[in-house]
>>> print(open('upload26.txt').read())   # compact mmCIF, N, CA and C atoms
# COMPACT_ATOMS: atom_id res chain seq x y z
N MET E 197 14.31 5.26 -3.99
CA MET E 197 13.72 4.19 -3.21
C MET E 197 13.39 3.03 -4.14
N GLU E 198 13.77 1.83 -3.75
CA GLU E 198 13.40 0.65 -4.53
C GLU E 198 11.95 0.28 -4.23
N LYS E 199 11.38 -0.54 -5.07
CA LYS E 199 9.98 -0.94 -4.91
C LYS E 199 9.85 -1.91 -3.74
N CYS E 200 8.97 -1.58 -2.80
CA CYS E 200 8.71 -2.43 -1.65
C CYS E 200 7.24 -2.32 -1.26
N VAL E 201 6.70 -3.39 -0.70
CA VAL E 201 5.35 -3.39 -0.17
C VAL E 201 5.37 -4.01 1.22
N ALA E 202 4.28 -3.81 1.95
CA ALA E 202 4.17 -4.38 3.29
C ALA E 202 2.88 -5.15 3.42
N ASN E 203 2.89 -6.16 4.28
CA ASN E 203 1.72 -6.98 4.52
C ASN E 203 1.69 -7.33 6.01
N GLN E 204 0.50 -7.24 6.61
CA GLN E 204 0.37 -7.65 8.00
C GLN E 204 0.07 -9.14 8.04
N SER E 205 0.59 -9.81 9.03
CA SER E 205 0.52 -11.27 9.08
C SER E 205 -0.87 -11.87 8.91
N PRO E 206 -1.97 -11.32 9.45
CA PRO E 206 -3.25 -12.02 9.27
C PRO E 206 -3.99 -11.66 7.98
N THR E 207 -3.44 -10.81 7.14
CA THR E 207 -4.16 -10.41 5.94
C THR E 207 -3.93 -11.41 4.81
N THR E 208 -4.50 -11.13 3.67
CA THR E 208 -4.44 -12.01 2.53
C THR E 208 -3.02 -12.29 2.05
N ASN E 209 -2.83 -13.45 1.45
CA ASN E 209 -1.53 -13.78 0.86
C ASN E 209 -1.43 -13.27 -0.57
N LEU E 210 -2.48 -12.62 -1.07
CA LEU E 210 -2.45 -12.07 -2.42
C LEU E 210 -1.32 -11.05 -2.57
N ILE E 211 -1.12 -10.22 -1.54
CA ILE E 211 -0.04 -9.23 -1.58
C ILE E 211 1.30 -9.93 -1.73
N ASN E 212 1.49 -11.02 -1.00
CA ASN E 212 2.75 -11.78 -1.08
C ASN E 212 2.95 -12.30 -2.50
N ALA E 213 1.89 -12.86 -3.09
CA ALA E 213 1.98 -13.43 -4.44
C ALA E 213 2.27 -12.34 -5.48
N LEU E 214 1.62 -11.19 -5.34
CA LEU E 214 1.87 -10.09 -6.29
C LEU E 214 3.29 -9.55 -6.15
N ALA E 215 3.77 -9.43 -4.91
CA ALA E 215 5.13 -8.96 -4.69
C ALA E 215 6.13 -9.91 -5.33
N GLU E 216 5.91 -11.21 -5.15
CA GLU E 216 6.81 -12.20 -5.74
C GLU E 216 6.78 -12.14 -7.27
N LYS E 217 5.57 -12.05 -7.83
CA LYS E 217 5.42 -12.01 -9.29
C LYS E 217 6.15 -10.83 -9.91
N HIS E 218 6.11 -9.68 -9.22
CA HIS E 218 6.71 -8.46 -9.77
C HIS E 218 8.12 -8.19 -9.24
N GLY E 219 8.66 -9.12 -8.46
CA GLY E 219 10.02 -8.96 -7.95
C GLY E 219 10.17 -7.80 -6.98
N VAL E 220 9.16 -7.60 -6.14
CA VAL E 220 9.13 -6.48 -5.21
C VAL E 220 9.38 -7.00 -3.79
N GLU E 221 10.22 -6.31 -3.05
CA GLU E 221 10.51 -6.70 -1.68
C GLU E 221 9.27 -6.57 -0.81
N LEU E 222 9.04 -7.57 0.05
CA LEU E 222 7.87 -7.59 0.93
C LEU E 222 8.32 -7.43 2.37
N HIS E 223 7.71 -6.48 3.08
CA HIS E 223 7.93 -6.31 4.52
C HIS E 223 6.70 -6.86 5.23
N GLU E 224 6.87 -7.90 6.03
CA GLU E 224 5.74 -8.44 6.79
C GLU E 224 5.78 -7.83 8.19
N THR E 225 4.63 -7.32 8.63
CA THR E 225 4.55 -6.64 9.92
C THR E 225 3.54 -7.32 10.83
N PRO E 226 3.67 -7.08 12.14
CA PRO E 226 2.63 -7.55 13.06
C PRO E 226 1.35 -6.74 12.83
N VAL E 227 0.27 -7.15 13.49
CA VAL E 227 -0.99 -6.42 13.41
C VAL E 227 -0.83 -5.05 14.04
N GLY E 228 -1.41 -4.05 13.44
CA GLY E 228 -1.35 -2.68 13.95
C GLY E 228 -0.82 -1.75 12.87
N PHE E 229 -1.62 -0.77 12.52
CA PHE E 229 -1.21 0.12 11.44
C PHE E 229 0.04 0.92 11.79
N LYS E 230 0.35 1.03 13.08
CA LYS E 230 1.55 1.78 13.46
C LYS E 230 2.81 1.19 12.80
N TYR E 231 2.82 -0.11 12.55
CA TYR E 231 3.99 -0.72 11.90
C TYR E 231 4.06 -0.34 10.42
N ILE E 232 2.91 -0.27 9.78
CA ILE E 232 2.87 0.20 8.39
C ILE E 232 3.29 1.66 8.35
N GLY E 233 2.76 2.47 9.28
CA GLY E 233 3.12 3.89 9.36
C GLY E 233 4.61 4.10 9.54
N GLU E 234 5.23 3.25 10.36
CA GLU E 234 6.69 3.35 10.56
C GLU E 234 7.44 3.10 9.26
N LEU E 235 7.01 2.12 8.47
CA LEU E 235 7.67 1.84 7.20
C LEU E 235 7.50 3.00 6.22
N ILE E 236 6.33 3.63 6.25
CA ILE E 236 6.10 4.80 5.39
C ILE E 236 7.01 5.94 5.83
N MET E 237 7.08 6.18 7.15
CA MET E 237 7.92 7.27 7.67
C MET E 237 9.40 7.01 7.39
N GLN E 238 9.83 5.75 7.38
CA GLN E 238 11.22 5.41 7.09
C GLN E 238 11.49 5.39 5.58
N ASP E 239 10.47 5.71 4.79
CA ASP E 239 10.57 5.74 3.33
C ASP E 239 10.90 4.36 2.74
N LYS E 240 10.45 3.30 3.42
CA LYS E 240 10.69 1.95 2.93
C LYS E 240 9.57 1.48 2.01
N ILE E 241 8.37 2.05 2.17
CA ILE E 241 7.25 1.74 1.28
C ILE E 241 6.56 3.05 0.90
N ALA E 242 5.90 3.05 -0.24
CA ALA E 242 5.21 4.24 -0.71
C ALA E 242 3.74 4.24 -0.33
N ILE E 243 3.18 3.06 -0.09
CA ILE E 243 1.77 2.93 0.24
C ILE E 243 1.60 1.75 1.19
N GLY E 244 0.68 1.87 2.12
CA GLY E 244 0.41 0.77 3.05
C GLY E 244 -1.05 0.74 3.42
N GLY E 245 -1.56 -0.46 3.60
CA GLY E 245 -2.96 -0.61 3.95
C GLY E 245 -3.16 -1.80 4.87
N GLU E 246 -4.40 -1.96 5.32
CA GLU E 246 -4.72 -3.09 6.17
C GLU E 246 -6.13 -3.58 5.84
N GLU E 247 -6.51 -4.69 6.46
CA GLU E 247 -7.76 -5.36 6.11
C GLU E 247 -9.00 -4.53 6.38
N SER E 248 -8.93 -3.51 7.21
CA SER E 248 -10.10 -2.69 7.51
C SER E 248 -10.29 -1.55 6.51
N ALA E 249 -9.55 -1.59 5.41
CA ALA E 249 -9.61 -0.60 4.33
C ALA E 249 -8.91 0.71 4.70
N GLY E 250 -8.19 0.72 5.80
CA GLY E 250 -7.37 1.88 6.13
C GLY E 250 -6.14 1.87 5.24
N LEU E 251 -5.70 3.04 4.83
CA LEU E 251 -4.59 3.13 3.90
C LEU E 251 -3.90 4.47 4.09
N SER E 252 -2.62 4.51 3.82
CA SER E 252 -1.90 5.77 3.81
C SER E 252 -0.81 5.69 2.74
N ILE E 253 -0.35 6.84 2.34
CA ILE E 253 0.70 6.93 1.32
C ILE E 253 1.81 7.83 1.83
N ARG E 254 2.96 7.71 1.19
CA ARG E 254 4.11 8.55 1.53
C ARG E 254 3.72 10.02 1.36
N HIS E 255 4.21 10.87 2.21
CA HIS E 255 3.95 12.31 2.22
C HIS E 255 2.53 12.65 2.65
N HIS E 256 1.85 11.71 3.31
CA HIS E 256 0.53 11.94 3.90
C HIS E 256 0.65 11.51 5.36
N VAL E 257 -0.32 11.83 6.17
CA VAL E 257 -0.30 11.42 7.57
C VAL E 257 -0.15 9.90 7.65
N PRO E 258 0.85 9.39 8.38
CA PRO E 258 1.07 7.94 8.43
C PRO E 258 0.10 7.21 9.35
N GLU E 259 -1.16 7.51 9.22
CA GLU E 259 -2.23 6.85 9.96
C GLU E 259 -3.22 6.32 8.95
N LYS E 260 -3.93 5.24 9.30
CA LYS E 260 -4.89 4.69 8.35
C LYS E 260 -6.02 5.68 8.11
N ASP E 261 -6.40 5.81 6.86
CA ASP E 261 -7.37 6.80 6.44
C ASP E 261 -8.27 6.17 5.39
N GLY E 262 -9.48 5.81 5.78
CA GLY E 262 -10.41 5.18 4.86
C GLY E 262 -10.87 6.12 3.76
N VAL E 263 -11.01 7.41 4.06
CA VAL E 263 -11.41 8.38 3.05
C VAL E 263 -10.34 8.49 1.98
N LEU E 264 -9.08 8.56 2.39
CA LEU E 264 -7.98 8.60 1.42
C LEU E 264 -7.99 7.35 0.55
N ALA E 265 -8.23 6.20 1.15
CA ALA E 265 -8.27 4.94 0.39
C ALA E 265 -9.35 5.02 -0.68
N GLY E 266 -10.53 5.49 -0.31
CA GLY E 266 -11.62 5.61 -1.28
C GLY E 266 -11.30 6.58 -2.40
N LEU E 267 -10.71 7.71 -2.05
CA LEU E 267 -10.35 8.70 -3.08
C LEU E 267 -9.27 8.18 -4.02
N LEU E 268 -8.29 7.47 -3.49
CA LEU E 268 -7.24 6.90 -4.34
C LEU E 268 -7.81 5.85 -5.29
N CYS E 269 -8.76 5.05 -4.80
CA CYS E 269 -9.41 4.06 -5.67
C CYS E 269 -10.19 4.76 -6.78
N CYS E 270 -10.92 5.80 -6.43
CA CYS E 270 -11.67 6.56 -7.45
C CYS E 270 -10.73 7.15 -8.49
N GLU E 271 -9.61 7.70 -8.03
CA GLU E 271 -8.64 8.27 -8.97
C GLU E 271 -8.07 7.20 -9.89
N ALA E 272 -7.77 6.02 -9.34
CA ALA E 272 -7.23 4.94 -10.15
C ALA E 272 -8.23 4.51 -11.22
N VAL E 273 -9.49 4.39 -10.83
CA VAL E 273 -10.54 4.01 -11.80
C VAL E 273 -10.68 5.08 -12.87
N ALA E 274 -10.68 6.35 -12.48
CA ALA E 274 -10.81 7.45 -13.44
C ALA E 274 -9.63 7.48 -14.41
N CYS E 275 -8.43 7.27 -13.91
CA CYS E 275 -7.24 7.25 -14.78
C CYS E 275 -7.30 6.08 -15.74
N ARG E 276 -7.71 4.93 -15.23
CA ARG E 276 -7.82 3.74 -16.08
C ARG E 276 -8.88 3.94 -17.14
N ALA E 277 -10.01 4.54 -16.77
CA ALA E 277 -11.09 4.78 -17.73
C ALA E 277 -10.64 5.73 -18.82
N SER E 278 -9.84 6.75 -18.45
CA SER E 278 -9.38 7.69 -19.48
C SER E 278 -8.37 7.01 -20.42
N LEU E 279 -7.61 6.05 -19.91
CA LEU E 279 -6.69 5.30 -20.79
C LEU E 279 -7.47 4.44 -21.78
N TRP E 280 -8.53 3.80 -21.28
CA TRP E 280 -9.36 2.97 -22.15
C TRP E 280 -10.03 3.83 -23.22
N ALA E 281 -10.50 5.02 -22.82
CA ALA E 281 -11.21 5.90 -23.75
C ALA E 281 -10.28 6.42 -24.84
N SER E 282 -9.01 6.59 -24.52
CA SER E 282 -8.07 7.14 -25.51
C SER E 282 -7.54 6.08 -26.48
N ASN E 283 -7.78 4.80 -26.19
CA ASN E 283 -7.30 3.73 -27.07
C ASN E 283 -8.32 3.32 -28.02
>>> encode(input="upload26.txt", output="structure tokens")
Amino acid sequence: MEKCVANQSPTTNLINALAEKHGVELHETPVGFKYIGELIMQDKIAIGGEESAGLSIRHHVPEKDGVLAGLLCCEAVACRASLWASN
């Protein structure tokens, strides 16, 4: 799978700018997490989120999950902290 991200039309343009900077394909969807879930199920994106902090990842239930979003953020911070500690 090539690198791709998705953005819903009323959300921030930061995702668009980051996708452009990193040369990543952007899928713009209408409002509704079902569209993000469809892209995840079609294996077009690995992670998707929306402005309400709902998020899902590939190989997880393709529905927005705020608890999953929080846990993934905690894991990212912990991994980053361990990288800083080892340097």
>>> atom_distance(input="upload26.txt", atom1="atom C of Glu271 of chain E", atom2="atom N of Arg254 of chain E")
15.6 Å
>>> atom_distance(input="upload26.txt", atom1="atom CA of His255 of chain E", atom2="atom CA of Ile243 of chain E")
9.8 Å
>>> select_by_dssp(input="upload26.txt", residues="chain E", states="strand (DSSP E)", output="list in words")
Cys200, Val201, Ala202, Asn203, Gln204, Glu221, Leu222, His223, Glu224, Thr225, Ile243, Gly244, Gly245, Leu251, Ser252 and Ile253 of chain E
>>> residues_near_point(input="upload26.txt", point="(-1.8, 0.7, 5.7)", cutoff="7 Å", atoms="all atoms listed in the file", output="list in words")
Phe229, Ile232, Gly233, Ile243, Gly244, Gly245, Glu246, Gly250, Leu251, Ser252, Glu259, Lys260 and Asp261 of chain E
>>> atom_distance(input="upload26.txt", atom1="atom N of Lys217 of chain E", atom2="atom CA of Ala202 of chain E")
13.6 Å
>>> residues_around(input="upload26.txt", residues="Val201 of chain E", least_positions_apart="3", cutoff="6 Å", atoms="only N, CA and C atoms", output="PyMOL selection string")
chain E and resi 220-223+241
>>> residues_near_point(input="upload26.txt", point="(4.7, -12.2, 8.2)", cutoff="9 Å", atoms="only C-alpha atoms", output="list in words")
Asn203, Gln204, Ser205, Pro206, His223, Glu224, Thr225 and Pro226 of chain E
>>> closest_residue(input="upload26.txt", among="E:Leu235, E:Ala213, E:Cys270, E:Ala242", to="Cys200 of chain E", atoms="all atoms listed in the file")
E:Ala242
>>> closest_residue(input="upload26.txt", among="E:Ala215, E:Ala274, E:Ala265, E:Val227", to="Lys199 of chain E", atoms="only C-alpha atoms")
E:Ala215
>>> select_by_dssp(input="upload26.txt", residues="chain E", states="alpha helix (DSSP H)", output="JSON, numbers by chain")
{"E": [210, 211, 212, 213, 214, 215, 216, 217, 229, 230, 231, 232, 233, 234, 235, 236, 237, 262, 263, 264, 265, 266, 267, 268, 269, 270, 271, 272, 273, 274, 275, 276, 277, 278, 279, 280, 281, 282]}
>>> axis_aligned_box(input="upload26.txt", around="segment 202-219 of chain E", padding_each_side="6 Å", output="lines of an AutoDock Vina configuration file")
center_x = 2.8
center_y = -8.8
center_z = -0.2
size_x = 26.7
size_y = 22.0
size_z = 31.4
